[in-house]
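See below for the structure under consideration.
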Amino acid sequence: MLQDYLKRNITYVRISLTEKCNFSCEYCLPGGWDKKLKDTLSVNELDILLATLKELGVKKIRFSGGEPALFKDLTKVLEITNHKYKFESCGLTTNGFNLLAKAEEWYKAGLRNINVSIDSLDPKKFFEITKVDILDKIIAGIKHAIHLGFNIKINAVILQGINTQDMDDFISFANTHKVTIRFIELMQNNTCTVDYLNKRQLTAETIIEDLKAKGWTLDNSEDPKLKGPAQTFKHQDNLGKIGFITPYAQDFCSTCNRIRFSSLGEILLCLFGKKRIPLRHLLTLEKKEELKAEIETLLISKPKSHHLDENFVGACDNLSKIGG
Ligand code: SAM
Ligand code: SF4
């Protein structure tokens with residue numbers, strides 16, 4: 001089992017498959033993705049990485065990006081994760097642009113958990129945020145994926161003045177589709193600057209207090225081994241759930257069970273760490289044992305916590321570079 005010096009068990013790894021994205025979310029890639037990007041990891045390199053992580057006792061893998069559904073070998077990688085290495089849990093975080101076309105193929109490849117990012121259910125606002133006009137298609141993809149048996153969660157970044165007045169729409173969507181909607185507090189990075197935060201950031205606290213007043217209560221039913229950092233609420237009259245990811249909260253880091261890999265094979269010990277450490281040179285069959293030892297050694301220096309509250313964002317240009 002992978003453990004850091006604070007005895008936090010590392011059972012969850014997020015892998016970014018590409019930095020490319022076909023959306024231009026205003027807080028993430030306002031100018032679109034960087035067209036000068038280097039080569040991403042190959043399927044073989046990812047296979048070796050996944051084999052190593054399995055041997056190190058990792059239980060949960062999530063693929064993200066950029067937009068992971070733009071990675072041309074995504075289905076093959078899902079097959080390797082689920083059918084070859086049989087991780088306990090495998091998830092995908094996507095903007096949902098091709099969910100309708102691909103859900104069935106991904107289901108056959110063993111994927112069961114998909115988080116779809118939708119910051120507004122109003123098509124005009126959705127376009128304003130993403131610069132893409134396909135909200136209907138994404139929602140059709142969600143309905144199809146639910147019908148196939150996927151566990152779908154919706155991620156929405158809390159954007160003051162854009163979606164904060166639309167909570168009732170999200171709550172009713174959660175009920176209609178029996179899904180969990182998770183609100184993420186906007187995090188600072190080199191793209192999502194203090195100026196942007198000053199305009200759009202709102203802590204989850206206000207929304208949580210509102211929900212509690214309307215009868216929503218904390219839900220503790222998730223398996224603690226696989227549970228993420230979200231606080232989830234339920235309501236007796238709603239078939240869905242509402243969650244919150246609050247990275248600025250005091251105890252967010254104390255239960256951190258995750259590390260990340262970039263699409264170039266760098267390890268990130270913390271989303272807001274100072275360094276991305278290149279490990280691609282060890283992603284060969286001959287060097288697998290060396291890779292294992294290196295990951296174990298590096299974990300010793302996993303930071304105790306991030307320093308977002310002091311405006312320190314580490315090597316995080318934007319979340320599309322390191323898989324959100
Ligand atoms: N393209 C995929 C998507 O949008 O779901 C996966 C990558 S995206 C970087 C992953 C998640 O990070 C999305 O839910 C997105 O809204 C969130 N995100 C991006 N920048 C953020 C920021 N500055 N603060 C909080 N969440 C952010
Ligand atoms: Fe692309 Fe996801 Fe970033 Fe939006 S949040 S620009 S969809 S990577």
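Labels for the structure tokens follow display order: chains A, B, ..., residues from 1 in each chain, ligands from 1.
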
(request) For Leu99 in chain A, please output as JSON, numbers by chain all residues within 12 Å (counting only C-alpha atoms; exclusion window: fewer than 3 positions along the same chain). (result) {"A": [67, 68, 69, 70, 92, 93, 94, 95, 96, 102, 103, 104, 105, 106, 107, 114, 115, 116, 117, 134, 135, 136, 137, 138, 139, 140, 141, 142, 143, 144, 145, 146, 148, 150, 152]}

Output for the residues just chosen: N, CA and C atoms as a short mmCIF file (atom, residue, chain, number, x, y, z; two decimals), in the first residue's frame:
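Okay, again30.cif is ready:
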```
data_model
loop_
_atom_site.label_atom_id
_atom_site.label_comp_id
_atom_site.auth_asym_id
_atom_site.auth_seq_id
_atom_site.Cartn_x
_atom_site.Cartn_y
_atom_site.Cartn_z
N GLU A 67 -9.51 17.60 -22.30
CA GLU A 67 -10.72 16.80 -22.53
C GLU A 67 -10.28 15.37 -22.87
N PRO A 68 -10.43 14.43 -21.91
CA PRO A 68 -9.92 13.07 -22.12
C PRO A 68 -10.58 12.35 -23.29
N ALA A 69 -11.81 12.77 -23.63
CA ALA A 69 -12.49 12.10 -24.75
C ALA A 69 -11.88 12.50 -26.09
N LEU A 70 -10.93 13.45 -26.09
CA LEU A 70 -10.21 13.77 -27.34
C LEU A 70 -8.99 12.88 -27.50
N LEU A 92 -14.23 8.73 -15.34
CA LEU A 92 -13.84 9.66 -16.40
C LEU A 92 -14.47 11.01 -16.08
N THR A 93 -13.69 12.07 -16.18
CA THR A 93 -14.25 13.42 -16.04
C THR A 93 -14.21 14.06 -17.41
N THR A 94 -15.37 14.44 -17.92
CA THR A 94 -15.45 14.90 -19.31
C THR A 94 -16.40 16.08 -19.44
N ASN A 95 -16.23 16.85 -20.52
CA ASN A 95 -17.21 17.90 -20.78
C ASN A 95 -18.43 17.33 -21.49
N GLY A 96 -18.40 16.06 -21.85
CA GLY A 96 -19.58 15.37 -22.36
C GLY A 96 -19.87 15.57 -23.83
N LYS A 102 -20.35 7.87 -27.65
CA LYS A 102 -19.33 6.94 -27.13
C LYS A 102 -19.74 6.14 -25.90
N ALA A 103 -20.84 6.52 -25.25
CA ALA A 103 -21.16 5.90 -23.96
C ALA A 103 -21.20 4.37 -24.04
N GLU A 104 -21.79 3.86 -25.09
CA GLU A 104 -21.94 2.41 -25.19
C GLU A 104 -20.58 1.71 -25.30
N GLU A 105 -19.71 2.29 -26.13
CA GLU A 105 -18.36 1.74 -26.32
C GLU A 105 -17.59 1.76 -24.98
N TRP A 106 -17.71 2.86 -24.25
CA TRP A 106 -17.01 2.98 -22.97
C TRP A 106 -17.58 1.99 -21.94
N TYR A 107 -18.90 1.80 -22.01
CA TYR A 107 -19.52 0.85 -21.07
C TYR A 107 -18.95 -0.55 -21.30
N ILE A 114 -18.99 8.30 -14.64
CA ILE A 114 -18.64 9.46 -15.48
C ILE A 114 -19.09 10.74 -14.77
N ASN A 115 -18.15 11.68 -14.63
CA ASN A 115 -18.51 13.01 -14.14
C ASN A 115 -18.56 13.94 -15.35
N VAL A 116 -19.69 14.58 -15.53
CA VAL A 116 -19.84 15.50 -16.67
C VAL A 116 -19.88 16.93 -16.11
N SER A 117 -19.07 17.79 -16.68
CA SER A 117 -19.04 19.18 -16.18
C SER A 117 -20.06 20.03 -16.91
N ILE A 134 -23.59 23.37 -27.28
CA ILE A 134 -24.07 21.99 -27.43
C ILE A 134 -24.67 21.43 -26.13
N LEU A 135 -25.26 22.30 -25.33
CA LEU A 135 -25.81 21.82 -24.05
C LEU A 135 -26.84 20.71 -24.27
N ASP A 136 -27.71 20.86 -25.29
CA ASP A 136 -28.76 19.84 -25.54
C ASP A 136 -28.15 18.48 -25.81
N LYS A 137 -27.08 18.49 -26.63
CA LYS A 137 -26.42 17.23 -26.99
C LYS A 137 -25.80 16.57 -25.75
N ILE A 138 -25.23 17.39 -24.89
CA ILE A 138 -24.60 16.85 -23.67
C ILE A 138 -25.68 16.22 -22.77
N ILE A 139 -26.80 16.92 -22.64
CA ILE A 139 -27.87 16.39 -21.78
C ILE A 139 -28.45 15.10 -22.39
N ALA A 140 -28.56 15.06 -23.71
CA ALA A 140 -29.02 13.81 -24.37
C ALA A 140 -28.03 12.68 -24.07
N GLY A 141 -26.74 13.00 -24.07
CA GLY A 141 -25.70 12.01 -23.76
C GLY A 141 -25.84 11.51 -22.32
N ILE A 142 -26.14 12.42 -21.41
CA ILE A 142 -26.31 12.04 -20.00
C ILE A 142 -27.49 11.07 -19.85
N LYS A 143 -28.61 11.41 -20.51
CA LYS A 143 -29.81 10.55 -20.40
C LYS A 143 -29.48 9.16 -20.95
N HIS A 144 -28.78 9.13 -22.08
CA HIS A 144 -28.42 7.85 -22.70
C HIS A 144 -27.50 7.05 -21.77
N ALA A 145 -26.53 7.72 -21.19
CA ALA A 145 -25.56 7.04 -20.31
C ALA A 145 -26.27 6.49 -19.07
N ILE A 146 -27.20 7.25 -18.53
CA ILE A 146 -27.96 6.77 -17.35
C ILE A 146 -28.74 5.52 -17.75
N LEU A 148 -27.99 3.40 -19.96
CA LEU A 148 -27.08 2.25 -20.13
C LEU A 148 -26.62 1.67 -18.78
N PHE A 150 -24.78 3.75 -16.37
CA PHE A 150 -23.66 4.50 -15.79
C PHE A 150 -24.06 5.21 -14.50
N ILE A 152 -23.68 8.52 -13.05
CA ILE A 152 -23.32 9.86 -13.57
C ILE A 152 -23.35 10.89 -12.44
#
```

(request) Fewer than 6 positions away in the same chain doesn't count, so skip those; otherwise give me all residues within 6 Å of range 12-20 of chain A, counting only C-alpha atoms, as a list in words. (result)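 In the requested form, the answer reads Trp33, Val58, Lys60, Ile61, Arg62, Phe63, Ser64, Gly65, Gly66, Pro68, Asn257, Arg258, Ile259, Arg260, Phe261, Ser262, Ser263, Ser320, Lys321 and Gly323 of chain A.
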
(request) as a ChimeraX atom specification, please: all residues of range 141-250 of chain A that backbone DSSP puts in strand (DSSP E or B). (result) /A:151-157,180-184,217-218,231-234,241-245

(request) Would you please work out which residue, of A:Ile242, A:Leu53, A:Ile295, A:Leu6, is nearest to Asp168 in chain A when using only C-alpha atoms? (result) A:Ile242

(message) Can you pull out every residue from range 246-305 of chain A that DSSP, working from the backbone, puts in helix (DSSP H, G or I), and format the result as a list in words?
(response) Arg280, His281, Leu282, Leu285, Glu286, Lys287, Lys288, Glu289, Glu290, Leu291, Lys292, Ala293, Glu294, Ile295, Glu296, Thr297, Leu298 and Leu299 of chain A

(request) Tell me which of A:Asn155, A:Thr191, A:Thr284, A:Asn22 sits closest to ligand 2, counting only C-alpha atoms and all ligand atoms. (result) A:Asn22

Neighbours of Met187 in chain A within 8 Å (only C-alpha atoms; same-chain residues fewer than 2 positions away dropped), as a compact mmCIF listing (two decimals) with N, CA and C atoms, in the first residue's frame?
```txt
# COMPACT_ATOMS: atom_id res chain seq x y z
N GLU A 185 -15.87 24.79 -5.57
CA GLU A 185 -15.44 26.19 -5.37
C GLU A 185 -14.34 26.51 -6.37
N ASN A 189 -5.47 29.77 -9.93
CA ASN A 189 -4.25 29.26 -10.57
C ASN A 189 -3.73 30.36 -11.48
N CYS A 192 -6.79 31.31 -13.74
CA CYS A 192 -7.93 31.78 -12.94
C CYS A 192 -7.35 32.68 -11.83
N LEU A 197 -11.17 35.71 -9.63
CA LEU A 197 -11.79 35.22 -8.39
C LEU A 197 -12.59 36.33 -7.71
N PRO A 247 -12.11 23.17 -1.58
CA PRO A 247 -10.67 23.05 -1.38
C PRO A 247 -10.09 24.04 -0.37
N LEU A 308 -3.31 27.43 -0.89
CA LEU A 308 -4.19 28.27 -1.70
C LEU A 308 -4.65 29.52 -0.94
```

(message) Rounded to one decimal, what separation in Å do you get between CA of Lys7 in chain A and CA of Cys270 in chain A?
(response) 15.4 Å

(message) Env of Lys54 in chain A: 9 Å cut, atoms = only C-alpha atoms, seq-sep filter 3 positions within chain, self excluded. Answer as a PyMOL selection string.
(response) chain A and resi 49-51+57-59+85-87

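CA of Cys256 in chain A sits 14.0 Å away from CA of Ile300 in chain A.
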
(request) Find the residues near Asp169 in chain A: any atom within 12 Å, counting only C-alpha atoms, skip ones fewer than 4 places away on the same chain, and give them as a list in words. (result)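 Using only C-alpha atoms, the neighbours found are Asp119, Ser120, Leu121, Asp122, Asn163, Thr164, Gln165, Phe173, Ala174, Asn175, Thr176 and Ile181 of chain A.
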
(message) Report as a PyMOL selection string all protein, DNA and RNA residues lying within 7 Å of Leu2 in chain A, evaluated on only C-alpha atoms, omitting residues in the same chain fewer than 6 positions from it.
(response) chain A and resi 9-10+56-57+296

(message) Using Å and a single decimal, report how far atom 12 (O, counted along the ligand's line) of ligand 1 sits from CA of Gln188 in chain A.
(response)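 Those two atoms sit 11.7 Å apart.
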
(request) Counting only C-alpha atoms, figure out which residue out of A:Glu290, A:Glu79, A:Asp237, A:Glu205 gets nearest to Val43 in chain A. (result)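 Ranking A:Glu290, A:Glu79, A:Asp237, A:Glu205 by distance to Val43 in chain A, first place goes to A:Glu79.
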
(request) Find the spatial neighbours of range 37-39 of chain A, counting only C-alpha atoms, within a cut-off of 8 Å - ignore same-chain residues fewer than 2 positions away - and output them as a count of residues only. (result) 5

(request) Tell me which of A:Leu319, A:Leu202, A:Leu298, A:Leu100 sits closest to His147 in chain A, counting only C-alpha atoms. (result) A:Leu100

(request) Go through A:Leu186, A:Val77, A:Ala293, A:Ile48 and flag the residue nearest ligand 2, using only C-alpha atoms and all ligand atoms for the distances. (result)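 The answer is A:Leu186, which sits nearest to ligand 2.
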
(request) Can you work out which one of A:Val179, A:Ile80, A:Ile267, A:Ile277 has the shortest atom-to-atom distance to Asn113 in chain A, counting only C-alpha atoms? (result)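 For Asn113 in chain A, the nearest of the given residues is A:Val179.
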